[in-house]
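Data block for final-v4.json (JSON, C-alpha atoms):
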```json
[["chain", "number", "residue", "atom", "x", "y", "z"],
["A", 22, "MET", "CA", 108.30, 118.44, 68.16],
["A", 23, "LYS", "CA", 107.86, 120.22, 71.51],
["A", 24, "ILE", "CA", 104.51, 118.54, 72.03],
["A", 25, "ALA", "CA", 106.03, 115.13, 71.35],
["A", 26, "LEU", "CA", 108.83, 115.78, 73.88],
["A", 27, "LEU", "CA", 106.32, 116.99, 76.46],
["A", 28, "ALA", "CA", 104.15, 113.91, 75.94],
["A", 29, "ALA", "CA", 107.18, 111.62, 76.23],
["A", 30, "ALA", "CA", 108.28, 113.37, 79.43],
["A", 31, "LEU", "CA", 104.81, 113.01, 80.96],
["A", 32, "LEU", "CA", 104.66, 109.35, 80.00],
["A", 33, "ALA", "CA", 108.01, 108.80, 81.71],
["A", 34, "ILE", "CA", 107.17, 110.80, 84.86],
["A", 35, "TYR", "CA", 103.67, 109.39, 85.46],
["A", 36, "PRO", "CA", 104.73, 105.76, 86.10],
["A", 37, "LEU", "CA", 107.55, 106.96, 88.36],
["A", 38, "ALA", "CA", 105.20, 109.18, 90.38],
["A", 39, "THR", "CA", 102.68, 106.35, 90.65],
["A", 40, "TRP", "CA", 105.33, 103.89, 91.81],
["A", 41, "LEU", "CA", 106.64, 106.36, 94.41],
["A", 42, "ALA", "CA", 103.15, 107.02, 95.77],
["A", 43, "LEU", "CA", 102.28, 103.32, 96.00],
["A", 44, "ASN", "CA", 105.53, 102.36, 97.69],
["A", 45, "PHE", "CA", 106.29, 105.28, 99.98],
["A", 46, "TYR", "CA", 102.98, 107.01, 100.81],
["A", 47, "GLN", "CA", 101.72, 105.94, 104.23],
["A", 48, "ASP", "CA", 97.94, 105.53, 104.45],
["A", 49, "ASP", "CA", 96.33, 107.21, 107.44],
["A", 50, "PRO", "CA", 92.86, 105.88, 108.21],
["A", 51, "ALA", "CA", 91.98, 109.12, 110.00],
["A", 52, "ASP", "CA", 92.31, 111.01, 106.71],
["A", 53, "MET", "CA", 90.24, 108.56, 104.65],
["A", 54, "VAL", "CA", 86.60, 108.82, 103.62],
["A", 55, "TRP", "CA", 84.52, 106.09, 105.26],
["A", 56, "THR", "CA", 84.35, 103.84, 102.20],
["A", 57, "ASP", "CA", 88.14, 103.85, 101.82],
["A", 58, "ARG", "CA", 88.63, 103.31, 105.55],
["A", 59, "GLU", "CA", 86.32, 100.29, 105.56],
["A", 60, "ALA", "CA", 88.19, 98.74, 102.63],
["A", 61, "PHE", "CA", 91.55, 99.55, 104.24],
["A", 62, "ASN", "CA", 90.48, 97.99, 107.57],
["A", 63, "ARG", "CA", 89.06, 94.90, 105.86],
["A", 64, "LYS", "CA", 92.19, 94.39, 103.76],
["A", 65, "PHE", "CA", 94.55, 94.81, 106.72],
["A", 66, "ILE", "CA", 92.52, 92.57, 109.04],
["A", 67, "ASN", "CA", 92.48, 89.85, 106.36],
["A", 68, "THR", "CA", 96.29, 89.85, 106.40],
["A", 69, "LEU", "CA", 96.56, 89.22, 110.16],
["A", 70, "ASP", "CA", 98.21, 85.90, 110.96],
["A", 71, "LEU", "CA", 97.11, 84.33, 114.24],
["A", 72, "THR", "CA", 100.08, 81.94, 114.17],
["A", 73, "ALA", "CA", 102.43, 84.92, 114.47],
["A", 74, "VAL", "CA", 102.77, 87.23, 117.47],
["A", 75, "VAL", "CA", 100.66, 90.29, 116.69],
["A", 76, "GLN", "CA", 100.64, 93.01, 119.34],
["A", 77, "GLN", "CA", 97.73, 95.38, 119.85],
["A", 78, "ASP", "CA", 100.01, 98.39, 119.33],
["A", 79, "GLN", "CA", 101.00, 97.11, 115.88],
["A", 80, "VAL", "CA", 97.38, 96.90, 114.76],
["A", 81, "GLN", "CA", 96.39, 100.20, 116.33],
["A", 82, "GLN", "CA", 99.36, 101.93, 114.73],
["A", 83, "LYS", "CA", 98.12, 100.78, 111.32],
["A", 84, "LEU", "CA", 94.33, 101.10, 111.76],
["A", 85, "GLY", "CA", 94.06, 103.82, 114.38],
["A", 86, "GLY", "CA", 91.74, 103.54, 117.34],
["A", 87, "PRO", "CA", 88.90, 101.02, 117.19],
["A", 88, "ASP", "CA", 85.30, 102.04, 116.61],
["A", 89, "ILE", "CA", 83.98, 100.01, 119.56],
["A", 90, "THR", "CA", 85.86, 98.55, 122.55],
["A", 91, "GLU", "CA", 84.92, 96.13, 125.33],
["A", 92, "ALA", "CA", 87.20, 94.74, 128.03],
["A", 93, "TYR", "CA", 87.24, 92.09, 130.74],
["A", 94, "GLN", "CA", 89.84, 91.66, 133.48],
["A", 95, "SER", "CA", 90.21, 88.14, 134.88],
["A", 96, "ALA", "CA", 92.43, 87.28, 137.81],
["A", 97, "ALA", "CA", 95.42, 86.73, 135.51],
["A", 98, "ASP", "CA", 94.62, 88.27, 132.12],
["A", 99, "LEU", "CA", 93.25, 91.36, 130.43],
["A", 100, "TYR", "CA", 90.93, 90.64, 127.50],
["A", 101, "GLN", "CA", 90.05, 93.39, 125.05],
["A", 102, "LEU", "CA", 87.51, 92.97, 122.29],
["A", 103, "VAL", "CA", 87.85, 95.75, 119.73],
["A", 104, "PHE", "CA", 85.77, 96.36, 116.64],
["A", 105, "TYR", "CA", 86.91, 98.01, 113.41],
["A", 106, "ARG", "CA", 84.32, 99.02, 110.84],
["A", 107, "THR", "CA", 84.67, 96.92, 107.69],
["A", 108, "GLN", "CA", 81.25, 97.21, 106.02],
["A", 109, "ARG", "CA", 78.27, 99.53, 106.04],
["A", 110, "ASP", "CA", 74.89, 98.22, 107.09],
["A", 111, "ILE", "CA", 72.65, 101.27, 107.45],
["A", 112, "SER", "CA", 73.61, 104.82, 106.51],
["A", 113, "ASP", "CA", 72.59, 106.37, 109.83],
["A", 114, "GLY", "CA", 75.92, 107.78, 111.04],
["A", 115, "ILE", "CA", 76.16, 105.24, 113.87],
["A", 116, "THR", "CA", 78.68, 102.40, 113.76],
["A", 117, "THR", "CA", 77.35, 99.11, 115.12],
["A", 118, "LYS", "CA", 79.04, 95.78, 115.81],
["A", 119, "VAL", "CA", 77.25, 94.32, 112.78],
["A", 120, "GLU", "CA", 79.26, 96.70, 110.58],
["A", 121, "CYS", "CA", 82.57, 95.75, 112.20],
["A", 122, "THR", "CA", 85.09, 92.95, 112.43],
["A", 123, "ALA", "CA", 86.09, 91.98, 115.96],
["A", 124, "LEU", "CA", 89.65, 91.44, 117.18],
["A", 125, "LEU", "CA", 90.30, 89.79, 120.55],
["A", 126, "TYR", "CA", 93.47, 90.51, 122.51],
["A", 127, "ARG", "CA", 94.71, 88.70, 125.60],
["A", 128, "ASN", "CA", 97.26, 90.81, 127.43],
["A", 129, "ARG", "CA", 97.54, 92.98, 124.29],
["A", 130, "GLN", "CA", 98.36, 90.05, 121.98],
["A", 131, "LEU", "CA", 95.94, 89.11, 119.19],
["A", 132, "VAL", "CA", 94.28, 85.74, 119.81],
["A", 133, "ALA", "CA", 91.16, 85.72, 117.59],
["A", 134, "VAL", "CA", 89.47, 87.56, 114.72],
["A", 135, "GLY", "CA", 85.84, 87.87, 113.61],
["A", 136, "ASP", "CA", 82.97, 85.84, 115.04],
["A", 137, "ALA", "CA", 85.42, 83.58, 116.88],
["A", 138, "ALA", "CA", 86.74, 86.63, 118.74],
["A", 139, "GLN", "CA", 83.27, 87.59, 119.94],
["A", 140, "GLN", "CA", 82.39, 84.03, 120.97],
["A", 141, "GLN", "CA", 85.62, 83.54, 122.92],
["A", 142, "PHE", "CA", 85.18, 86.88, 124.67],
["A", 143, "LEU", "CA", 81.63, 86.01, 125.75],
["A", 144, "GLN", "CA", 82.68, 82.55, 126.98],
["A", 145, "MET", "CA", 85.45, 83.99, 129.18],
["A", 146, "GLN", "CA", 83.20, 86.25, 131.17],
["A", 147, "PRO", "CA", 81.42, 84.96, 134.25],
["A", 148, "ALA", "CA", 77.66, 84.52, 133.96],
["A", 149, "ARG", "CA", 75.73, 87.66, 134.81],
["A", 150, "PRO", "CA", 72.69, 87.45, 137.08]]
```

Would you write out, as structure tokens, the structure that this file holds?
Amino acid sequence: MKIALLAAALLAIYPLATWLALNFYQDDPADMVWTDREAFNRKFINTLDLTAVVQQDQVQQKLGGPDITEAYQSAADLYQLVFYRTQRDISDGITTKVECTALLYRNRQLVAVGDAAQQQFLQMQPARP
């Protein structure tokens, strides 16, 4: 009888604990192993809506600091191209742009994601000699 009560109690507590963890536990990319962080970054970036106003601080608060950053200051605007790792290419301990998804910000507001972000960033810069 005691075993049956214990089993019933565990069956009742487990779903509650799972629900609490899924709904109230805040993921911190800094505490994740690299495979989890890549999946987390990829999933979050896929939810970004370019038709909405998305500020750089909002993304950085969720994903942490980017793996790679480039910037360009024009006369009127600040452009920042940041890269978050979303897939592994070579297991060498070095994160490259190939392993990342790019996000482009103009004056700290998201304007492009992925290959389009990189292309727009390159087109904005003056030609180099």

Point to revise | For Gln146 of chain A, the nearest of the candidates A:Gln94, A:Cys121, A:Tyr105, A:Ile111, counting only C-alpha atoms | key: A:Gln94

Point to revise | Minimum-distance residue to Thr68 of chain A, chosen among A:Leu143, A:Ala30, A:Ala92, A:Val134 (using only C-alpha atoms) | key: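 Checking each of A:Leu143, A:Ala30, A:Ala92, A:Val134 against Thr68 of chain A, counting only C-alpha atoms, the winner is A:Val134.
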
Residue contacts of Thr107 of chain A (10 Å, all atoms listed in the file) excluding same-chain residues fewer than 5 positions away, as a PDB file with C-alpha atoms, in the coordinates of the input:
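As a result, around.pdb now contains:
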```pdb
ATOM      1  CA  TRP A  55      84.520 106.090 105.260  1.00  0.00           C
ATOM      2  CA  THR A  56      84.350 103.840 102.200  1.00  0.00           C
ATOM      3  CA  ASP A  57      88.140 103.850 101.820  1.00  0.00           C
ATOM      4  CA  ARG A  58      88.630 103.310 105.550  1.00  0.00           C
ATOM      5  CA  GLU A  59      86.320 100.290 105.560  1.00  0.00           C
ATOM      6  CA  ALA A  60      88.190  98.740 102.630  1.00  0.00           C
ATOM      7  CA  PHE A  61      91.550  99.550 104.240  1.00  0.00           C
ATOM      8  CA  ASN A  62      90.480  97.990 107.570  1.00  0.00           C
ATOM      9  CA  ARG A  63      89.060  94.900 105.860  1.00  0.00           C
ATOM     10  CA  LYS A  64      92.190  94.390 103.760  1.00  0.00           C
ATOM     11  CA  ILE A  66      92.520  92.570 109.040  1.00  0.00           C
ATOM     12  CA  LYS A 118      79.040  95.780 115.810  1.00  0.00           C
ATOM     13  CA  VAL A 119      77.250  94.320 112.780  1.00  0.00           C
ATOM     14  CA  GLU A 120      79.260  96.700 110.580  1.00  0.00           C
ATOM     15  CA  CYS A 121      82.570  95.750 112.200  1.00  0.00           C
ATOM     16  CA  THR A 122      85.090  92.950 112.430  1.00  0.00           C
ATOM     17  CA  ALA A 123      86.090  91.980 115.960  1.00  0.00           C
TER      18      ALA A 123
END
```

Practice item. May I ask which of the residues A:Ser112, A:Glu91, A:Gly86, A:Asn67 is the closest one to Gln139 of chain A, counting all atoms listed in the file? Key: A:Glu91

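Of the residues under consideration (A:Leu26, A:Ala148, A:Leu125, A:Met53), A:Leu125 shows the shortest atom-to-atom contact distance to Gln101 of chain A when counting only C-alpha atoms.
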
Review point. Once you count all atoms listed in the file, which residues end up no further than 10 Å from (93.8, 102.7, 113.2) in the file's frame, shown as a list of chain:residue names?
Key: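 Looking at atoms near the point gives A:Asp49, A:Pro50, A:Ala51, A:Arg58, A:Phe61, A:Asn62, A:Asp78, A:Gln79, A:Val80, A:Gln81, A:Gln82, A:Lys83, A:Leu84, A:Gly85, A:Gly86, A:Pro87, A:Asp88, A:Tyr105.
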
Take every atom of segment 92-100 of chain A listed in the file, pad by 4 Å on each side, and give me the axis-aligned box centre and edge lengths in Å, one decimal, as lines of an AutoDock Vina configuration file.
```
center_x = 91.3
center_y = 90.7
center_z = 132.7
size_x = 16.2
size_y = 16.0
size_z = 18.3
```

Review point. Counting only C-alpha atoms, which of A:Ala73, A:Ala137, A:Met145, A:Leu102 gets nearest to Leu124 of chain A?
Key: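 For Leu124 of chain A, the nearest of the candidates is A:Leu102.
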